[in-house]
file my_file_27.cif (mmCIF, C-alpha atoms and all ligand atoms)
data_protein
loop_
_atom_site.group_PDB
_atom_site.id
_atom_site.type_symbol
_atom_site.label_atom_id
_atom_site.label_comp_id
_atom_site.auth_asym_id
_atom_site.auth_seq_id
_atom_site.Cartn_x
_atom_site.Cartn_y
_atom_site.Cartn_z
ATOM 1 C CA MET C 201 28.468 -43.423 89.477
ATOM 2 C CA ILE C 202 25.636 -41.667 87.573
ATOM 3 C CA GLY C 203 27.813 -38.578 87.433
ATOM 4 C CA ARG C 204 30.643 -40.585 85.882
ATOM 5 C CA LEU C 205 28.277 -42.261 83.394
ATOM 6 C CA PHE C 206 26.839 -38.894 82.420
ATOM 7 C CA GLY C 207 30.314 -37.475 82.101
ATOM 8 C CA SER C 208 31.503 -40.220 79.785
ATOM 9 C CA LEU C 209 28.292 -40.024 77.709
ATOM 10 C CA SER C 210 28.591 -36.291 77.235
ATOM 11 C CA GLN C 211 32.137 -36.871 76.023
ATOM 12 C CA LYS C 212 30.955 -39.572 73.631
ATOM 13 C CA VAL C 213 28.031 -37.673 72.088
ATOM 14 C CA PRO C 214 30.138 -35.085 70.270
ATOM 15 C CA SER C 215 32.504 -37.774 68.994
ATOM 16 C CA LEU C 216 29.528 -39.850 67.809
ATOM 17 C CA LEU C 217 28.117 -36.845 65.984
ATOM 18 C CA TYR C 218 31.533 -36.282 64.518
ATOM 19 C CA ARG C 219 31.614 -39.826 63.198
ATOM 20 C CA VAL C 220 28.071 -39.607 61.799
ATOM 21 C CA SER C 221 28.970 -36.449 59.930
ATOM 22 C CA GLN C 222 32.146 -38.106 58.698
ATOM 23 C CA VAL C 223 30.202 -40.903 57.072
ATOM 24 C CA MET C 224 27.592 -38.508 55.632
ATOM 25 C CA LYS C 225 27.090 -39.229 51.979
ATOM 26 C CA PRO C 226 27.332 -36.186 49.730
ATOM 27 C CA GLN C 227 23.850 -34.739 49.164
ATOM 28 C CA VAL C 228 23.583 -33.431 45.646
ATOM 29 C CA VAL C 229 21.267 -31.033 43.842
ATOM 30 C CA PHE C 230 21.791 -30.949 40.084
ATOM 31 C CA VAL C 231 21.290 -27.487 38.576
ATOM 32 C CA LEU C 232 20.241 -27.442 34.936
ATOM 33 C CA GLY C 233 18.944 -24.994 32.337
ATOM 34 C CA GLY C 234 20.024 -23.437 29.058
ATOM 35 C CA PRO C 235 23.250 -21.454 28.668
ATOM 36 C CA GLY C 236 22.643 -18.107 30.361
ATOM 37 C CA ALA C 237 19.517 -19.243 32.210
ATOM 38 C CA GLY C 238 21.138 -17.900 35.389
ATOM 39 C CA LYS C 239 22.401 -21.117 36.976
ATOM 40 C CA GLY C 240 25.675 -19.620 38.193
ATOM 41 C CA THR C 241 23.987 -16.424 39.388
ATOM 42 C CA GLN C 242 21.431 -18.311 41.462
ATOM 43 C CA CYS C 243 23.987 -20.815 42.809
ATOM 44 C CA SER C 244 26.105 -17.902 44.110
ATOM 45 C CA LYS C 245 23.047 -16.569 45.930
ATOM 46 C CA ILE C 246 22.161 -19.980 47.358
ATOM 47 C CA VAL C 247 25.667 -20.388 48.765
ATOM 48 C CA GLU C 248 25.285 -17.082 50.659
ATOM 49 C CA SER C 249 22.237 -18.322 52.583
ATOM 50 C CA TYR C 250 22.378 -22.121 52.597
ATOM 51 C CA LYS C 251 25.015 -24.699 53.473
ATOM 52 C CA TYR C 252 25.797 -25.710 49.935
ATOM 53 C CA THR C 253 29.053 -25.820 48.024
ATOM 54 C CA HIS C 254 28.696 -24.736 44.405
ATOM 55 C CA LEU C 255 30.527 -26.830 41.824
ATOM 56 C CA SER C 256 30.124 -25.711 38.221
ATOM 57 C CA ALA C 257 31.090 -28.314 35.622
ATOM 58 C CA GLY C 258 31.842 -25.488 33.168
ATOM 59 C CA ASP C 259 34.077 -23.648 35.674
ATOM 60 C CA LEU C 260 35.963 -26.850 36.560
ATOM 61 C CA LEU C 261 36.515 -27.583 32.872
ATOM 62 C CA ARG C 262 37.722 -24.034 32.166
ATOM 63 C CA GLU C 263 40.093 -24.310 35.137
ATOM 64 C CA GLU C 264 41.454 -27.622 33.828
ATOM 65 C CA ARG C 265 41.767 -26.152 30.310
ATOM 66 C CA ASN C 266 43.890 -23.318 31.741
ATOM 67 C CA ARG C 267 45.985 -25.512 34.075
ATOM 68 C CA GLU C 268 49.563 -25.626 32.921
ATOM 69 C CA GLY C 269 50.547 -29.144 31.873
ATOM 70 C CA SER C 270 46.974 -30.423 31.607
ATOM 71 C CA GLU C 271 46.854 -33.295 29.128
ATOM 72 C CA PHE C 272 43.241 -32.386 28.301
ATOM 73 C CA GLY C 273 43.658 -28.606 27.914
ATOM 74 C CA GLN C 274 43.441 -28.468 24.122
ATOM 75 C CA LEU C 275 40.654 -31.009 23.896
ATOM 76 C CA ILE C 276 38.551 -29.117 26.462
ATOM 77 C CA ALA C 277 39.218 -25.814 24.669
ATOM 78 C CA ASN C 278 37.926 -27.252 21.380
ATOM 79 C CA TYR C 279 34.811 -28.762 22.931
ATOM 80 C CA ILE C 280 33.900 -25.563 24.772
ATOM 81 C CA LYS C 281 34.322 -23.368 21.705
ATOM 82 C CA GLU C 282 32.144 -25.743 19.695
ATOM 83 C CA GLY C 283 29.528 -25.879 22.473
ATOM 84 C CA LYS C 284 29.975 -29.654 22.621
ATOM 85 C CA ILE C 285 29.860 -31.806 25.715
ATOM 86 C CA VAL C 286 33.299 -32.823 26.971
ATOM 87 C CA PRO C 287 33.780 -36.622 27.439
ATOM 88 C CA VAL C 288 32.412 -37.627 30.816
ATOM 89 C CA GLU C 289 35.608 -39.279 32.106
ATOM 90 C CA ILE C 290 37.201 -35.841 32.315
ATOM 91 C CA THR C 291 34.218 -34.029 33.828
ATOM 92 C CA ILE C 292 33.308 -36.684 36.376
ATOM 93 C CA ASN C 293 36.885 -36.888 37.663
ATOM 94 C CA LEU C 294 37.000 -33.128 38.147
ATOM 95 C CA LEU C 295 33.662 -33.201 39.994
ATOM 96 C CA ARG C 296 34.609 -36.177 42.175
ATOM 97 C CA LYS C 297 37.949 -34.628 43.080
ATOM 98 C CA ALA C 298 36.317 -31.291 43.953
ATOM 99 C CA MET C 299 33.728 -33.035 46.149
ATOM 100 C CA GLU C 300 36.374 -35.104 47.919
ATOM 101 C CA GLU C 301 38.628 -32.127 48.522
ATOM 102 C CA THR C 302 35.720 -30.083 49.908
ATOM 103 C CA MET C 303 34.704 -32.839 52.339
ATOM 104 C CA GLN C 304 38.288 -33.568 53.353
ATOM 105 C CA LYS C 305 38.787 -29.936 54.313
ATOM 106 C CA ASP C 306 35.493 -29.725 56.211
ATOM 107 C CA GLU C 307 33.413 -32.845 56.829
ATOM 108 C CA LYS C 308 30.316 -30.732 57.433
ATOM 109 C CA LYS C 309 30.359 -29.597 53.804
ATOM 110 C CA PHE C 310 28.518 -32.516 52.280
ATOM 111 C CA ARG C 311 25.800 -30.583 50.402
ATOM 112 C CA PHE C 312 26.628 -29.799 46.798
ATOM 113 C CA LEU C 313 25.015 -27.827 44.000
ATOM 114 C CA ILE C 314 26.337 -29.399 40.828
ATOM 115 C CA ASP C 315 25.727 -26.842 38.115
ATOM 116 C CA GLY C 316 25.705 -27.836 34.430
ATOM 117 C CA PHE C 317 25.668 -31.570 35.028
ATOM 118 C CA PRO C 318 24.418 -34.098 33.882
ATOM 119 C CA ARG C 319 24.179 -32.492 30.470
ATOM 120 C CA ASN C 320 23.625 -35.626 28.382
ATOM 121 C CA GLU C 321 23.179 -39.402 28.494
ATOM 122 C CA ASP C 322 26.968 -39.920 28.617
ATOM 123 C CA ASN C 323 27.160 -37.636 31.710
ATOM 124 C CA LEU C 324 24.323 -39.497 33.385
ATOM 125 C CA GLN C 325 25.817 -42.932 32.727
ATOM 126 C CA GLY C 326 29.205 -41.705 33.939
ATOM 127 C CA TRP C 327 27.646 -40.413 37.147
ATOM 128 C CA ASN C 328 25.826 -43.701 37.725
ATOM 129 C CA ARG C 329 29.018 -45.669 37.053
ATOM 130 C CA VAL C 330 31.258 -43.659 39.339
ATOM 131 C CA MET C 331 28.950 -42.179 41.978
ATOM 132 C CA ASP C 332 26.129 -44.687 42.368
ATOM 133 C CA GLY C 333 25.730 -45.425 46.067
ATOM 134 C CA LYS C 334 28.412 -42.840 46.908
ATOM 135 C CA ALA C 335 26.167 -39.744 46.715
ATOM 136 C CA ASP C 336 22.454 -39.051 46.972
ATOM 137 C CA VAL C 337 20.827 -36.962 44.259
ATOM 138 C CA LYS C 338 18.082 -35.114 46.131
ATOM 139 C CA PHE C 339 16.462 -33.287 43.219
ATOM 140 C CA VAL C 340 17.081 -31.209 40.104
ATOM 141 C CA LEU C 341 16.691 -27.429 40.042
ATOM 142 C CA PHE C 342 15.670 -26.562 36.512
ATOM 143 C CA PHE C 343 15.970 -22.932 35.419
ATOM 144 C CA ASP C 344 13.539 -22.680 32.550
ATOM 145 C CA CYS C 345 14.121 -19.839 30.122
ATOM 146 C CA SER C 346 13.435 -19.178 26.425
ATOM 147 C CA ASN C 347 16.314 -19.621 23.986
ATOM 148 C CA GLU C 348 16.054 -15.957 23.024
ATOM 149 C CA VAL C 349 16.489 -14.733 26.620
ATOM 150 C CA CYS C 350 19.357 -17.202 27.131
ATOM 151 C CA ILE C 351 21.171 -16.001 24.008
ATOM 152 C CA ASN C 352 20.707 -12.321 24.840
ATOM 153 C CA ARG C 353 21.995 -12.797 28.383
ATOM 154 C CA CYS C 354 25.084 -14.658 27.164
ATOM 155 C CA LEU C 355 25.780 -12.018 24.482
ATOM 156 C CA GLU C 356 25.535 -9.361 27.190
ATOM 157 C CA ARG C 357 27.809 -11.429 29.471
ATOM 158 C CA GLY C 358 30.200 -11.853 26.508
ATOM 159 C CA LYS C 359 30.960 -8.121 26.516
ATOM 160 C CA SER C 360 33.036 -8.631 29.664
ATOM 161 C CA SER C 361 33.336 -12.385 30.378
ATOM 162 C CA GLY C 362 36.216 -13.077 28.011
ATOM 163 C CA ARG C 363 34.603 -16.476 27.395
ATOM 164 C CA THR C 364 35.375 -18.063 24.036
ATOM 165 C CA ASP C 365 31.803 -19.358 23.773
ATOM 166 C CA ASP C 366 29.755 -16.229 24.581
ATOM 167 C CA ASN C 367 29.395 -15.301 20.916
ATOM 168 C CA ARG C 368 26.476 -15.868 18.548
ATOM 169 C CA GLU C 369 28.138 -18.695 16.594
ATOM 170 C CA SER C 370 29.030 -20.752 19.680
ATOM 171 C CA LEU C 371 25.692 -19.924 21.287
ATOM 172 C CA GLU C 372 23.676 -21.357 18.388
ATOM 173 C CA LYS C 373 25.590 -24.611 18.900
ATOM 174 C CA ARG C 374 25.230 -24.518 22.693
ATOM 175 C CA ILE C 375 21.486 -24.066 22.399
ATOM 176 C CA GLN C 376 21.287 -27.011 19.988
ATOM 177 C CA THR C 377 23.331 -29.152 22.373
ATOM 178 C CA TYR C 378 21.055 -28.095 25.219
ATOM 179 C CA LEU C 379 17.859 -28.917 23.303
ATOM 180 C CA GLN C 380 19.101 -32.197 21.868
ATOM 181 C CA SER C 381 21.116 -33.573 24.778
ATOM 182 C CA THR C 382 20.209 -31.878 28.059
ATOM 183 C CA ARG C 383 16.428 -31.505 27.775
ATOM 184 C CA PRO C 384 15.952 -35.295 27.511
ATOM 185 C CA ILE C 385 17.891 -35.714 30.785
ATOM 186 C CA ILE C 386 15.631 -33.146 32.486
ATOM 187 C CA ASP C 387 12.593 -35.028 31.100
ATOM 188 C CA LEU C 388 13.985 -38.263 32.501
ATOM 189 C CA TYR C 389 14.289 -36.803 36.012
ATOM 190 C CA GLU C 390 10.856 -35.205 35.567
ATOM 191 C CA LYS C 391 9.359 -38.671 35.090
ATOM 192 C CA GLN C 392 10.943 -39.648 38.420
ATOM 193 C CA GLY C 393 9.250 -36.642 40.073
ATOM 194 C CA LYS C 394 12.641 -35.143 40.873
ATOM 195 C CA VAL C 395 12.506 -31.828 39.006
ATOM 196 C CA CYS C 396 11.723 -28.439 40.562
ATOM 197 C CA THR C 397 11.108 -26.066 37.654
ATOM 198 C CA ILE C 398 11.581 -22.324 38.032
ATOM 199 C CA ASP C 399 10.636 -19.628 35.530
ATOM 200 C CA ALA C 400 14.104 -18.126 35.076
ATOM 201 C CA SER C 401 13.094 -15.387 32.647
ATOM 202 C CA ARG C 402 12.210 -13.018 35.530
ATOM 203 C CA SER C 403 14.519 -10.787 37.572
ATOM 204 C CA VAL C 404 17.319 -12.304 39.682
ATOM 205 C CA ASP C 405 15.428 -11.564 42.919
ATOM 206 C CA GLU C 406 12.133 -12.970 41.699
ATOM 207 C CA VAL C 407 13.857 -16.158 40.596
ATOM 208 C CA PHE C 408 15.695 -16.424 43.903
ATOM 209 C CA ALA C 409 12.438 -16.066 45.860
ATOM 210 C CA ASP C 410 11.228 -19.261 44.162
ATOM 211 C CA VAL C 411 14.575 -20.979 44.749
ATOM 212 C CA LYS C 412 14.349 -20.182 48.447
ATOM 213 C CA ALA C 413 10.809 -21.529 48.683
ATOM 214 C CA ILE C 414 12.001 -24.808 47.147
ATOM 215 C CA LEU C 415 15.116 -25.144 49.294
ATOM 216 C CA ASP C 416 13.215 -24.303 52.490
ATOM 217 C CA LYS C 417 10.681 -27.008 51.667
ATOM 218 C CA GLU C 418 13.213 -29.634 50.603
ATOM 219 C CA ASP C 419 15.698 -29.112 53.422
HETATM 220 P P1 LIG P 501 24.474 -19.707 33.410
HETATM 221 O O1 LIG P 501 25.316 -20.078 34.608
HETATM 222 O O2 LIG P 501 23.146 -20.402 33.408
HETATM 223 O O3 LIG P 501 25.183 -19.832 32.104
HETATM 224 P P2 LIG P 501 24.726 -16.987 34.421
HETATM 225 O O4 LIG P 501 24.304 -17.096 35.843
HETATM 226 O O5 LIG P 501 26.193 -16.859 34.146
HETATM 227 O O6 LIG P 501 24.091 -18.175 33.554
HETATM 228 O O7 LIG P 501 23.945 -15.776 33.791
HETATM 229 C C1 LIG P 501 24.175 -15.382 32.437
HETATM 230 C C2 LIG P 501 24.125 -13.852 32.342
HETATM 231 O O8 LIG P 501 22.812 -13.392 32.598
HETATM 232 C C3 LIG P 501 25.028 -13.176 33.366
HETATM 233 O O9 LIG P 501 25.603 -12.054 32.748
HETATM 234 C C4 LIG P 501 24.081 -12.771 34.479
HETATM 235 O O10 LIG P 501 24.505 -11.616 35.144
HETATM 236 C C5 LIG P 501 22.760 -12.548 33.748
HETATM 237 N N1 LIG P 501 21.587 -12.972 34.501
HETATM 238 C C6 LIG P 501 21.483 -14.056 35.298
HETATM 239 N N2 LIG P 501 20.241 -14.150 35.807
HETATM 240 C C7 LIG P 501 19.539 -13.103 35.309
HETATM 241 C C8 LIG P 501 18.182 -12.652 35.439
HETATM 242 N N3 LIG P 501 17.292 -13.301 36.204
HETATM 243 N N4 LIG P 501 17.809 -11.540 34.780
HETATM 244 C C9 LIG P 501 18.696 -10.892 33.994
HETATM 245 N N5 LIG P 501 19.979 -11.245 33.813
HETATM 246 C C10 LIG P 501 20.399 -12.340 34.461
HETATM 247 P P1 LIG P 502 28.772 -23.529 31.113
HETATM 248 O O1 LIG P 502 29.828 -22.818 31.887
HETATM 249 O O2 LIG P 502 27.874 -24.369 32.004
HETATM 250 O O3 LIG P 502 27.973 -22.627 30.208
HETATM 251 O O4 LIG P 502 29.527 -24.591 30.168
HETATM 252 C C1 LIG P 502 30.393 -24.156 29.140
HETATM 253 C C2 LIG P 502 30.864 -25.317 28.281
HETATM 254 O O5 LIG P 502 31.616 -26.251 29.092
HETATM 255 C C3 LIG P 502 29.764 -26.174 27.639
HETATM 256 O O6 LIG P 502 29.254 -25.605 26.456
HETATM 257 C C4 LIG P 502 30.529 -27.483 27.407
HETATM 258 O O7 LIG P 502 31.391 -27.404 26.287
HETATM 259 C C5 LIG P 502 31.396 -27.599 28.658
HETATM 260 N N1 LIG P 502 30.648 -28.303 29.720
HETATM 261 C C6 LIG P 502 30.017 -27.746 30.765
HETATM 262 N N2 LIG P 502 29.431 -28.679 31.536
HETATM 263 C C7 LIG P 502 29.705 -29.873 30.942
HETATM 264 C C8 LIG P 502 29.373 -31.210 31.252
HETATM 265 N N3 LIG P 502 28.598 -31.544 32.283
HETATM 266 N N4 LIG P 502 29.848 -32.184 30.440
HETATM 267 C C9 LIG P 502 30.612 -31.848 29.416
HETATM 268 N N5 LIG P 502 30.933 -30.617 29.030
HETATM 269 C C10 LIG P 502 30.492 -29.625 29.799
#
call {"tool": "encode", "arguments": {"input": "my_file_27.cif", "output": "structure tokens", "more": "lines below"}}
Ligand code: ADP
Ligand code: AMP
result
Amino acid sequence: MIGRLFGSLSQKVPSLLYRVSQVMKPQVVFVLGGPGAGKGTQCSKIVESYKYTHLSAGDLLREERNREGSEFGQLIANYIKEGKIVPVEITINLLRKAMEETMQKDEKKFRFLIDGFPRNEDNLQGWNRVMDGKADVKFVLFFDCSNEVCINRCLERGKSSGRTDDNRESLEKRIQTYLQSTRPIIDLYEKQGKVCTIDASRSVDEVFADVKAILDKED
């Protein structure tokens, strides 16, 4: 009798765990900082050691811009070149779709690094409208770096990136957009005690040592 009970329980436990993981809400870390602060670089390193999926708003937008038949391709291209923030309806749909597809493929992949989002008030309101209650924002990783270092890194990246916005003219605009639109969003999360700030002007490994300390503590 006890043997049978034990047997049926041991069969149920894995299926219960399976169901719990299926209903896991996406756990999100927003990754913010100026253009060239090293967000993408650090996210790639995080993914190697931690169970996070990296979603870059900029990468998703570039992909959509290049997708044949995209109705938003030209609009996205113009916004990116001008360093302006693409309307949130487009960005949020790309992010939501990428999150859903990731979790559909593997239900254990519910931790996301969302890099380059929310970049302004419009982004934040869009997130709250579409994702409120559907995902938990754990904290914000803020890569803090002077404008000068950011610009120099992007100009260096521009020598091989082929990006239409890694040039001085676009960068001046991107920095302005960052200062005027993104910094206030970081300040807002700061007031909620949700920001982990990292001095991103140091070497990749030094920055990553701080990232690890934060993730090990938060996880
Ligand atoms: P972001 O995603 O914030 O725009 P990237 O991760 O693409 O920035 O980094 C921008 C450029 O700077 C890349 O060419 C990258 O190799 C370089 N880079 C990133 N982090 C550092 C660092 N800590 N020190 C020096 N160069 C860096
Ligand atoms: P990034 O790859 O993060 O440097 O972003 C490149 C460009 O993509 C930005 O300058 C914007 O034009 C656009 N972009 C990136 N993230 C967003 C976002 N969250 N909302 C709107 N536009 C974005």
call {"tool": "residues_around", "arguments": {"input": "my_file_27.cif", "residues": "Phe312 in chain C", "least_positions_apart": "6", "cutoff": "8 Å", "atoms": "only C-alpha atoms", "output": "list in words"}}
result
Pro226, Gln227, Val228, Val229, Tyr252, Thr253, His254, Leu255 and Met299 of chain C
call {"tool": "closest_residue", "arguments": {"input": "my_file_27.cif", "among": "C:Gln376, C:Ser346, C:Gln304, C:Ser256", "to": "ligand LIG 501 (chain P)", "atoms": "only C-alpha atoms and all ligand atoms"}}
result
C:Ser256
call {"tool": "closest_residue", "arguments": {"input": "my_file_27.cif", "among": "C:Asn320, C:Ser370, C:Thr302, C:Asn278", "to": "Cys354 in chain C", "atoms": "only C-alpha atoms"}}
result
C:Ser370
call {"tool": "resolve_selection", "arguments": {"input": "my_file_27.cif", "expression": "the PyMOL selection byres (((chain C and resi 265) around 12) and not hetatm)", "output": "short mmCIF file (atom, residue, chain, number, x, y, z; two decimals) with C-alpha atoms, keeping the file's coordinate frame"}}
result
data_model
loop_
_atom_site.label_atom_id
_atom_site.label_comp_id
_atom_site.auth_asym_id
_atom_site.auth_seq_id
_atom_site.Cartn_x
_atom_site.Cartn_y
_atom_site.Cartn_z
CA GLY C 258 31.84 -25.49 33.17
CA ASP C 259 34.08 -23.65 35.67
CA LEU C 260 35.96 -26.85 36.56
CA LEU C 261 36.52 -27.58 32.87
CA ARG C 262 37.72 -24.03 32.17
CA GLU C 263 40.09 -24.31 35.14
CA GLU C 264 41.45 -27.62 33.83
CA ASN C 266 43.89 -23.32 31.74
CA ARG C 267 45.98 -25.51 34.08
CA GLU C 268 49.56 -25.63 32.92
CA GLY C 269 50.55 -29.14 31.87
CA SER C 270 46.97 -30.42 31.61
CA GLU C 271 46.85 -33.30 29.13
CA PHE C 272 43.24 -32.39 28.30
CA GLY C 273 43.66 -28.61 27.91
CA GLN C 274 43.44 -28.47 24.12
CA LEU C 275 40.65 -31.01 23.90
CA ILE C 276 38.55 -29.12 26.46
CA ALA C 277 39.22 -25.81 24.67
CA ASN C 278 37.93 -27.25 21.38
CA TYR C 279 34.81 -28.76 22.93
CA ILE C 280 33.90 -25.56 24.77
CA LYS C 281 34.32 -23.37 21.70
CA VAL C 286 33.30 -32.82 26.97
CA ILE C 290 37.20 -35.84 32.32
CA THR C 291 34.22 -34.03 33.83
CA LEU C 294 37.00 -33.13 38.15
#
call {"tool": "atom_distance", "arguments": {"input": "my_file_27.cif", "atom1": "CA of Ala257 in chain C", "atom2": "CA of Arg329 in chain C"}}
result
17.5 Å
call {"tool": "closest_residue", "arguments": {"input": "my_file_27.cif", "among": "C:Ile351, C:Ala335, C:Leu415, C:Val288", "to": "Val247 in chain C", "atoms": "only C-alpha atoms"}}
result
C:Leu415
call {"tool": "closest_atom_pairs", "arguments": {"input": "my_file_27.cif", "of": "chain C", "to": "ligand LIG 501 (chain P)", "cutoff": "9 Å", "atoms": "all atoms listed in the file", "output": "Markdown table"}}
result
| residue | atom | partner | partner_atom | distance |
| --- | --- | --- | --- | --- |
| C:Val231 | CA | P:LIG501 | O2 | 9.0 |
| C:Leu232 | CA | P:LIG501 | O2 | 7.8 |
| C:Gly233 | CA | P:LIG501 | O2 | 6.3 |
| C:Gly234 | CA | P:LIG501 | O2 | 6.2 |
| C:Pro235 | CA | P:LIG501 | O3 | 4.3 |
| C:Gly236 | CA | P:LIG501 | O6 | 3.5 |
| C:Ala237 | CA | P:LIG501 | O2 | 4.0 |
| C:Gly238 | CA | P:LIG501 | O4 | 3.3 |
| C:Lys239 | CA | P:LIG501 | O2 | 3.7 |
| C:Gly240 | CA | P:LIG501 | O1 | 3.6 |
| C:Thr241 | CA | P:LIG501 | O4 | 3.6 |
| C:Gln242 | CA | P:LIG501 | O4 | 6.4 |
| C:Cys243 | CA | P:LIG501 | O4 | 7.9 |
| C:Ser244 | CA | P:LIG501 | O4 | 8.5 |
| C:Ser256 | CA | P:LIG501 | O1 | 8.2 |
| C:Gly258 | CA | P:LIG501 | O1 | 8.6 |
| C:Asp315 | CA | P:LIG501 | O1 | 7.6 |
| C:Gly316 | CA | P:LIG501 | O1 | 7.8 |
| C:Phe343 | CA | P:LIG501 | O2 | 7.9 |
| C:Val349 | CA | P:LIG501 | C9 | 8.6 |
| C:Cys350 | CA | P:LIG501 | C1 | 7.4 |
| C:Ile351 | CA | P:LIG501 | C1 | 9.0 |
| C:Asn352 | CA | P:LIG501 | O8 | 8.1 |
| C:Arg353 | CA | P:LIG501 | O8 | 4.3 |
| C:Cys354 | CA | P:LIG501 | C2 | 5.3 |
| C:Leu355 | CA | P:LIG501 | C2 | 8.2 |
| C:Glu356 | CA | P:LIG501 | O9 | 6.2 |
| C:Arg357 | CA | P:LIG501 | O9 | 4.0 |
| C:Gly358 | CA | P:LIG501 | O9 | 7.8 |
| C:Ser360 | CA | P:LIG501 | O9 | 8.7 |
| C:Ser361 | CA | P:LIG501 | O9 | 8.1 |
| C:Ala400 | CA | P:LIG501 | N3 | 5.9 |
| C:Ser401 | CA | P:LIG501 | N3 | 5.9 |
| C:Arg402 | CA | P:LIG501 | N3 | 5.1 |
| C:Ser403 | CA | P:LIG501 | N3 | 4.0 |
| C:Val404 | CA | P:LIG501 | N3 | 3.6 |
| C:Asp405 | CA | P:LIG501 | N3 | 7.2 |
| C:Glu406 | CA | P:LIG501 | N3 | 7.5 |
| C:Val407 | CA | P:LIG501 | N3 | 6.3 |
| C:Phe408 | CA | P:LIG501 | N3 | 8.5 |
call {"tool": "atom_distance", "arguments": {"input": "my_file_27.cif", "atom1": "CA of Glu282 in chain C", "atom2": "atom O7 of ligand LIG 502 (chain P)"}}
result
6.8 Å
call {"tool": "atom_distance", "arguments": {"input": "my_file_27.cif", "atom1": "CA of Glu348 in chain C", "atom2": "atom C4 of ligand LIG 502 (chain P)"}}
result
19.0 Å
call {"tool": "residues_around", "arguments": {"input": "my_file_27.cif", "residues": "Ile385 in chain C", "least_positions_apart": "2", "cutoff": "12 Å", "atoms": "all atoms listed in the file", "output": "PyMOL selection string"}}
result
chain C and resi 230-233+316-325+340+342+377-383+387-392+394-395
call {"tool": "write_last_selection", "arguments": {"input": "my_file_27.cif", "atoms": "C-alpha atoms", "output": "CSV table (one decimal), in the frame of the given file"}}
result
chain,number,residue,atom,x,y,z
C,230,PHE,CA,21.8,-30.9,40.1
C,231,VAL,CA,21.3,-27.5,38.6
C,232,LEU,CA,20.2,-27.4,34.9
C,233,GLY,CA,18.9,-25.0,32.3
C,316,GLY,CA,25.7,-27.8,34.4
C,317,PHE,CA,25.7,-31.6,35.0
C,318,PRO,CA,24.4,-34.1,33.9
C,319,ARG,CA,24.2,-32.5,30.5
C,320,ASN,CA,23.6,-35.6,28.4
C,321,GLU,CA,23.2,-39.4,28.5
C,322,ASP,CA,27.0,-39.9,28.6
C,323,ASN,CA,27.2,-37.6,31.7
C,324,LEU,CA,24.3,-39.5,33.4
C,325,GLN,CA,25.8,-42.9,32.7
C,340,VAL,CA,17.1,-31.2,40.1
C,342,PHE,CA,15.7,-26.6,36.5
C,377,THR,CA,23.3,-29.2,22.4
C,378,TYR,CA,21.1,-28.1,25.2
C,379,LEU,CA,17.9,-28.9,23.3
C,380,GLN,CA,19.1,-32.2,21.9
C,381,SER,CA,21.1,-33.6,24.8
C,382,THR,CA,20.2,-31.9,28.1
C,383,ARG,CA,16.4,-31.5,27.8
C,387,ASP,CA,12.6,-35.0,31.1
C,388,LEU,CA,14.0,-38.3,32.5
C,389,TYR,CA,14.3,-36.8,36.0
C,390,GLU,CA,10.9,-35.2,35.6
C,391,LYS,CA,9.4,-38.7,35.1
C,392,GLN,CA,10.9,-39.6,38.4
C,394,LYS,CA,12.6,-35.1,40.9
C,395,VAL,CA,12.5,-31.8,39.0
call {"tool": "closest_residue", "arguments": {"input": "my_file_27.cif", "among": "C:Ala298, C:Leu313, C:Cys345, C:Ile375", "to": "ligand LIG 502 (chain P)", "atoms": "all atoms listed in the file"}}
result
C:Ile375
call {"tool": "residues_near_point", "arguments": {"input": "my_file_27.cif", "point": "(28.1, -26.2, 59.7)", "cutoff": "12 Å", "atoms": "only C-alpha atoms", "output": "list in words"}}
result
Tyr218, Ser221, Tyr250, Lys251, Tyr252, Thr253, Met303, Asp306, Glu307, Lys308, Lys309, Phe310 and Arg311 of chain C
